[in-house]
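Raw contents of work_34.txt, compact mmCIF, C-alpha atoms:
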# COMPACT_ATOMS: atom_id res chain seq x y z
CA MET A 1 -1.98 -60.24 -54.73
CA LYS A 2 -2.59 -63.37 -56.76
CA LEU A 3 0.06 -65.96 -57.43
CA THR A 4 0.13 -66.23 -61.21
CA ARG A 5 1.44 -68.77 -63.68
CA LYS A 6 4.14 -66.33 -64.79
CA MET A 7 5.35 -65.81 -61.22
CA VAL A 8 5.46 -69.54 -60.52
CA LEU A 9 7.38 -70.47 -63.65
CA SER A 10 9.82 -67.62 -63.16
CA ARG A 11 10.62 -68.43 -59.53
CA ALA A 12 10.73 -72.18 -60.03
CA LYS A 13 12.68 -71.89 -63.30
CA ALA A 14 10.24 -74.31 -64.89
CA SER A 15 8.40 -74.50 -68.20
CA GLU A 16 5.16 -76.11 -67.01
CA LEU A 17 3.17 -75.90 -63.79
CA HIS A 18 2.83 -79.66 -63.44
CA SER A 19 6.62 -80.03 -63.29
CA VAL A 20 7.19 -77.56 -60.43
CA ARG A 21 8.54 -79.38 -57.36
CA LYS A 22 9.88 -76.52 -55.22
CA LEU A 23 8.53 -72.98 -54.97
CA ASN A 24 9.69 -70.11 -52.77
CA CYS A 25 7.22 -67.21 -52.45
CA TRP A 26 8.48 -65.84 -49.14
CA GLY A 27 7.39 -62.25 -48.47
CA SER A 28 5.49 -61.80 -51.75
CA ARG A 29 2.31 -60.16 -50.39
CA LEU A 30 0.21 -63.04 -51.67
CA THR A 31 -3.46 -63.47 -50.81
CA ASP A 32 -4.55 -65.89 -53.56
CA ILE A 33 -2.70 -69.18 -54.17
CA SER A 34 -5.47 -70.91 -56.10
CA ILE A 35 -3.01 -71.77 -58.87
CA CYS A 36 -1.66 -74.51 -56.57
CA ARG A 37 -4.50 -76.67 -57.80
CA ASP A 38 -2.52 -76.99 -61.05
CA MET A 39 0.76 -78.04 -59.38
CA PRO A 40 0.35 -81.73 -58.46
CA SER A 41 4.12 -82.34 -58.29
CA LEU A 42 4.86 -79.62 -55.72
CA GLU A 43 6.95 -80.98 -52.83
CA VAL A 44 8.32 -77.91 -51.00
CA PHE A 45 6.28 -74.71 -50.75
CA THR A 46 7.54 -71.62 -48.90
CA LEU A 47 4.74 -69.12 -48.25
CA SER A 48 5.87 -67.40 -45.07
CA VAL A 49 5.28 -63.66 -44.60
CA ASN A 50 2.26 -63.35 -46.89
CA SER A 51 -1.49 -62.85 -46.38
CA VAL A 52 -2.87 -66.27 -47.23
CA THR A 53 -6.21 -67.07 -45.56
CA THR A 54 -7.16 -70.52 -46.88
CA LEU A 55 -5.23 -73.75 -47.40
CA GLU A 56 -7.77 -75.35 -49.73
CA PRO A 57 -5.62 -74.94 -52.88
CA VAL A 58 -2.76 -76.78 -51.16
CA SER A 59 -4.95 -79.87 -50.72
CA HIS A 60 -4.40 -80.61 -54.42
CA CYS A 61 -0.61 -80.90 -53.98
CA ARG A 62 -0.57 -84.58 -53.03
CA ARG A 63 3.22 -84.85 -53.09
CA LEU A 64 3.78 -81.95 -50.71
CA SER A 65 6.26 -82.79 -47.95
CA GLU A 66 7.21 -79.35 -46.60
CA LEU A 67 4.91 -76.34 -46.13
CA TYR A 68 6.09 -73.04 -44.64
CA LEU A 69 3.23 -70.70 -43.69
CA ARG A 70 4.64 -68.62 -40.85
CA ARG A 71 3.22 -65.10 -40.53
CA ASN A 72 0.17 -65.37 -42.74
CA CYS A 73 -3.54 -64.81 -42.09
CA VAL A 74 -4.81 -68.35 -41.60
CA PRO A 75 -7.86 -67.64 -39.41
CA SER A 76 -8.77 -71.02 -37.97
CA LEU A 77 -7.30 -74.43 -37.24
CA ASP A 78 -10.22 -75.81 -39.23
CA GLU A 79 -8.00 -75.09 -42.25
CA LEU A 80 -6.01 -78.17 -41.21
CA PHE A 81 -8.82 -80.15 -42.79
CA PHE A 82 -7.27 -79.40 -46.17
CA LEU A 83 -3.89 -80.81 -45.12
CA LYS A 84 -5.17 -84.11 -43.74
CA GLY A 85 -5.19 -85.66 -47.21
CA LEU A 86 -1.50 -84.99 -47.86
CA PRO A 87 0.20 -88.33 -47.06
CA ARG A 88 3.78 -87.08 -47.48
CA LEU A 89 3.58 -83.90 -45.39
CA ARG A 90 6.39 -84.02 -42.81
CA VAL A 91 7.25 -80.35 -42.14
CA LEU A 92 4.74 -77.64 -41.28
CA TRP A 93 5.52 -74.12 -40.06
CA LEU A 94 2.26 -72.41 -39.09
CA ALA A 95 3.35 -70.17 -36.21
CA GLU A 96 2.39 -66.47 -36.03
CA ASN A 97 -1.00 -66.99 -37.66
CA PRO A 98 -4.36 -65.98 -36.10
CA CYS A 99 -5.29 -69.67 -35.96
CA CYS A 100 -2.63 -70.32 -33.30
CA GLY A 101 -4.91 -68.73 -30.69
CA PRO A 102 -4.12 -67.88 -27.06
CA SER A 103 -3.10 -71.40 -26.01
CA PRO A 104 0.16 -72.65 -27.57
CA HIS A 105 -0.37 -76.08 -26.03
CA LEU A 106 -3.88 -76.58 -27.42
CA TYR A 107 -2.71 -75.31 -30.79
CA ARG A 108 0.17 -77.78 -30.99
CA MET A 109 -1.89 -80.70 -29.70
CA THR A 110 -4.66 -79.99 -32.23
CA VAL A 111 -2.24 -79.79 -35.15
CA LEU A 112 -0.56 -83.05 -34.17
CA ARG A 113 -3.84 -84.87 -33.61
CA ASN A 114 -4.94 -84.04 -37.13
CA LEU A 115 -1.52 -84.38 -38.79
CA PRO A 116 0.16 -87.24 -36.88
CA ASN A 117 2.71 -87.89 -39.64
CA LEU A 118 4.48 -84.59 -39.06
CA HIS A 119 8.13 -84.81 -38.05
CA THR A 120 8.59 -81.07 -37.46
CA LEU A 121 6.03 -78.46 -36.41
CA ASP A 122 7.03 -74.80 -36.15
CA ASN A 123 10.73 -75.64 -36.17
CA GLN A 124 10.34 -78.08 -33.26
CA ALA A 125 10.76 -81.82 -33.66
CA VAL A 126 7.63 -83.87 -32.95
CA THR A 127 8.01 -86.59 -30.31
CA GLU A 128 6.15 -89.84 -29.83
CA GLU A 129 5.04 -88.59 -26.40
CA GLU A 130 3.46 -85.51 -27.98
CA LEU A 131 1.59 -87.62 -30.51
CA ALA A 132 0.15 -89.78 -27.73
CA ARG A 133 -0.94 -86.72 -25.74
CA ALA A 134 -2.42 -85.10 -28.84
CA LEU A 135 -4.94 -87.95 -29.14
CA MET A 136 -6.36 -86.93 -25.76
CA GLU A 137 -5.71 -83.19 -25.59
CA GLY A 138 -6.09 -82.00 -29.18
CA ASP A 139 -9.31 -81.17 -31.01
CA GLU A 140 -10.22 -83.35 -33.97
CA ILE A 141 -11.15 -81.51 -37.16
CA THR A 142 -13.59 -83.42 -39.33
CA THR A 143 -15.20 -80.77 -41.57
CA ALA A 144 -13.96 -78.02 -43.83
CA PRO A 145 -14.19 -74.47 -42.44
CA ASP A 146 -17.15 -72.24 -43.17
CA ARG A 147 -15.82 -69.36 -45.25
CA GLU A 148 -18.80 -67.06 -44.76
CA GLY A 149 -18.10 -64.17 -42.44
CA LEU A 150 -14.72 -65.54 -41.47
CA GLY A 151 -12.25 -62.73 -40.92
CA CYS A 152 -8.51 -63.11 -40.46
CA GLY A 153 -7.61 -59.84 -38.78
CA CYS A 154 -4.82 -59.17 -41.25
CA PRO A 155 -4.56 -55.81 -43.00
CA GLU A 156 -5.40 -55.81 -46.69
CA PRO A 157 -2.17 -55.38 -48.69
CA PRO A 158 -2.07 -52.65 -51.33
CA LEU A 159 -2.91 -53.64 -54.89
CA ALA A 160 0.50 -52.58 -56.10
CA LEU A 161 3.76 -52.63 -54.22
CA SER A 162 7.20 -51.83 -55.57
CA SER A 163 9.89 -54.47 -55.16
CA VAL A 164 11.94 -52.01 -53.07
CA GLY A 165 9.05 -51.47 -50.64
CA ALA A 166 8.36 -55.20 -50.36
CA THR A 167 12.01 -55.94 -49.67
CA ALA A 168 12.21 -53.25 -47.01
CA GLU A 169 9.13 -54.51 -45.18
CA THR A 170 9.85 -58.24 -45.29
CA SER A 171 13.53 -57.81 -44.44
CA GLN A 172 12.44 -57.01 -40.87
CA ASP A 173 11.56 -60.66 -40.44
CA SER A 174 14.26 -62.76 -38.79
CA LEU A 175 14.12 -65.75 -41.15
CA SER A 176 14.11 -65.93 -44.91
CA GLY A 177 12.45 -68.74 -46.83
CA THR A 178 15.80 -70.41 -47.46
CA GLU A 179 16.74 -70.28 -43.77
CA GLU A 180 13.38 -71.75 -42.78
CA GLU A 181 13.91 -74.69 -45.10
CA ALA A 182 17.49 -75.20 -43.91
CA THR A 183 16.43 -75.19 -40.26
CA ALA A 184 13.66 -77.70 -40.93
CA GLN A 185 16.09 -79.96 -42.78
CA VAL A 186 18.31 -80.03 -39.69
CA HIS A 187 15.42 -81.36 -37.62
CA LEU A 188 14.49 -83.88 -40.29
CA SER A 189 18.06 -85.17 -40.50
CA LEU A 190 17.99 -85.84 -36.75
CA LYS A 191 14.56 -87.47 -36.82
CA ASN A 192 14.10 -91.21 -36.27
CA PRO A 193 13.27 -92.60 -39.73
CA ALA A 194 11.09 -95.33 -38.22
CA ARG A 195 8.12 -92.94 -38.08
CA ASP A 196 8.31 -92.07 -41.74
CA GLN A 197 5.70 -94.13 -43.54
CA VAL A 198 6.83 -93.14 -47.02
CA PRO A 199 8.30 -96.27 -48.72
CA SER A 200 12.08 -96.42 -48.36
CA PHE A 201 14.97 -98.84 -48.62
CA PRO A 202 15.66 -101.14 -45.67
CA GLN A 203 17.68 -99.35 -43.00
CA ARG A 204 20.53 -101.90 -43.07
CA ASP A 205 20.90 -101.58 -46.83
CA THR A 206 20.87 -97.80 -46.57
CA LEU A 207 23.58 -97.77 -43.91
CA ASN A 208 25.73 -100.17 -45.88
CA SER A 209 25.39 -98.06 -49.01
CA ILE A 210 26.48 -94.97 -47.10
CA LYS A 211 29.48 -96.76 -45.57
CA ASN A 212 30.58 -98.04 -48.97
CA ARG A 213 30.42 -94.66 -50.68
CA PRO A 214 33.71 -93.00 -51.60
CA PRO A 215 34.41 -89.71 -49.78
CA ALA A 216 33.34 -87.62 -52.77
CA GLN A 217 29.86 -89.14 -52.57
CA SER A 218 29.34 -88.59 -48.86
CA LEU A 219 25.71 -88.07 -47.85
CA LEU A 220 26.54 -84.80 -46.06
CA CYS A 221 29.16 -82.47 -47.49
CA PRO A 222 31.21 -80.37 -44.99
CA GLN A 223 29.33 -77.19 -45.92
CA ASN A 224 25.95 -78.78 -45.16
CA VAL A 225 27.24 -80.11 -41.86
CA LEU A 226 28.56 -76.68 -40.90
CA THR A 227 25.25 -75.03 -41.80
CA ALA A 228 23.35 -77.56 -39.70
CA ILE A 229 25.64 -77.03 -36.71
CA LEU A 230 25.38 -73.23 -36.85
CA LEU A 231 21.59 -73.41 -37.01
CA LEU A 232 21.40 -75.77 -34.05
CA LEU A 233 23.62 -73.50 -31.96
CA ARG A 234 20.79 -70.97 -31.81
CA GLU A 235 18.68 -73.42 -29.81
CA LEU A 236 21.27 -74.22 -27.13
CA ASP A 237 21.40 -72.66 -23.66
CA ILE A 238 24.60 -71.73 -21.81
CA GLU A 239 25.13 -75.27 -20.53
CA GLY A 240 24.73 -76.71 -23.99
CA LEU A 241 27.08 -74.17 -25.56
CA GLU A 242 29.72 -74.91 -22.92
CA ALA A 243 29.47 -78.62 -23.77
CA VAL A 244 29.91 -77.80 -27.44
CA GLN A 245 32.92 -75.61 -26.62
CA GLN A 246 34.58 -78.47 -24.75
CA ALA A 247 33.88 -80.92 -27.56
CA VAL A 248 35.26 -78.49 -30.15
CA GLY A 249 38.39 -77.94 -28.05
CA SER A 250 39.00 -81.67 -27.75
CA ARG A 251 38.46 -82.14 -31.47
CA LEU A 252 40.88 -79.33 -32.34
CA GLN A 253 43.55 -80.81 -30.08
CA ALA A 254 43.13 -84.20 -31.72
CA LEU A 255 43.44 -82.68 -35.20
CA HIS A 256 46.54 -80.72 -34.21
CA ARG A 257 48.18 -83.86 -32.83
CA GLN A 258 47.32 -85.68 -36.05
CA GLU A 259 48.92 -82.90 -38.14
CA VAL A 260 52.09 -82.99 -36.04
CA GLN A 261 52.30 -86.77 -36.37
CA GLU A 262 51.84 -86.57 -40.15
CA ASP A 263 54.60 -83.90 -40.41
CA VAL A 264 56.98 -86.12 -38.45
CA GLU A 265 56.31 -89.09 -40.69
The structure given in the file should be rewritten as structure tokens.
Amino acid sequence: MKLTRKMVLSRAKASELHSVRKLNCWGSRLTDISICRDMPSLEVFTLSVNSVTTLEPVSHCRRLSELYLRRNCVPSLDELFFLKGLPRLRVLWLAENPCCGPSPHLYRMTVLRNLPNLHTLDNQAVTEEELARALMEGDEITTAPDREGLGCGCPEPPLALSSVGATAETSQDSLSGTEEEATAQVHLSLKNPARDQVPSFPQRDTLNSIKNRPPAQSLLCPQNVLTAILLLLRELDIEGLEAVQQAVGSRLQALHRQEVQEDVE
């Protein structure tokens, strides 16, 4: 299925392609995303659970910072060639594609060698140690892939698919596009900003501006904090969960004491 202008404008609630900044096409049975060439302002693109085979159209989205491609048909890591020219790309989710190959380590090292500005790869934060190892253990990709005779091993989707059928099939997947983005944002919020080479305000000025904000303008609202915590809980083992339980207990006791003290006053 081809991603069309009508689909893009409808999902992005936009009037023109050049103004689209965020697009969620999760589980849409897409095989052709060539229209991306006409979306230079795109910043967040969710394409997981589709049948995309080439990343060439994405190379035209120079402002792209987050790309979600889990469970597609990307056949080769040579497709990373098309992402090397995206200076703002910080989040990439490429897992469960044929290009990942039999060696998870070689796959991760190769991606990081070619995209060293990534902060998060496949929902895992990128470390400085990994980037150093990637220079020695990853394969460098210097040329675009040869499209002739390149198969992806993915079944050809039917030409027409009812919305009910599509929903039933994609609902078996554990993460929706929104959840993928939320999880990645948790990792980004915990990432050391020193590695981000996108121009920003000085760190001291940023911290001061946050401290001086009134409560209503807090950088993280309680709902966002709660969402981040619940997502991170999935990654903890028993020892980590026990530590969280103790911290929560101590915090609850402190809040109860504070309430009692306020009632007395």
Exercise: Ala144 (chain A) partners within 7 Å, all atoms listed in the file, chain neighbours under 6 positions left out, as a list in words: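 Close residues of Ala144 (chain A): Asp78, Glu79 and Phe81 of chain A.
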Which residues come within 6 Å of region 64-67 of chain A, counting only C-alpha atoms, excluding same-chain residues fewer than 6 positions away, as an mmCIF file with C-alpha atoms, keeping the file's coordinate frame?
data_model
loop_
_atom_site.group_PDB
_atom_site.id
_atom_site.type_symbol
_atom_site.label_atom_id
_atom_site.label_comp_id
_atom_site.auth_asym_id
_atom_site.auth_seq_id
_atom_site.Cartn_x
_atom_site.Cartn_y
_atom_site.Cartn_z
ATOM 1 C CA LEU A 42 4.860 -79.620 -55.720
ATOM 2 C CA GLU A 43 6.950 -80.980 -52.830
ATOM 3 C CA VAL A 44 8.320 -77.910 -51.000
ATOM 4 C CA PHE A 45 6.280 -74.710 -50.750
ATOM 5 C CA ARG A 88 3.780 -87.080 -47.480
ATOM 6 C CA LEU A 89 3.580 -83.900 -45.390
ATOM 7 C CA ARG A 90 6.390 -84.020 -42.810
ATOM 8 C CA VAL A 91 7.250 -80.350 -42.140
ATOM 9 C CA LEU A 92 4.740 -77.640 -41.280
#
Nearest residue to Cys61 (chain A) from the set A:Pro98, A:Gly85, A:Gly27, A:Pro116 (distances using all atoms listed in the file):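 That would be A:Gly85, the residue with the smallest distance to Cys61 (chain A).
Atom to atom, CA of Asn117 (chain A) and CA of Ala132 (chain A) stand 12.3 Å apart.
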Selected residue, from A:Arg71, A:His256, A:Arg37, A:Arg11, that lies nearest to Asn24 (chain A) when counting all atoms listed in the file: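 Using all atoms listed in the file, the shortest distance to Asn24 (chain A) belongs to A:Arg11.
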Point-to-point distance in Å for CA of Pro102 (chain A) and CA of Tyr68 (chain A):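 A separation of 21.0 Å between them.
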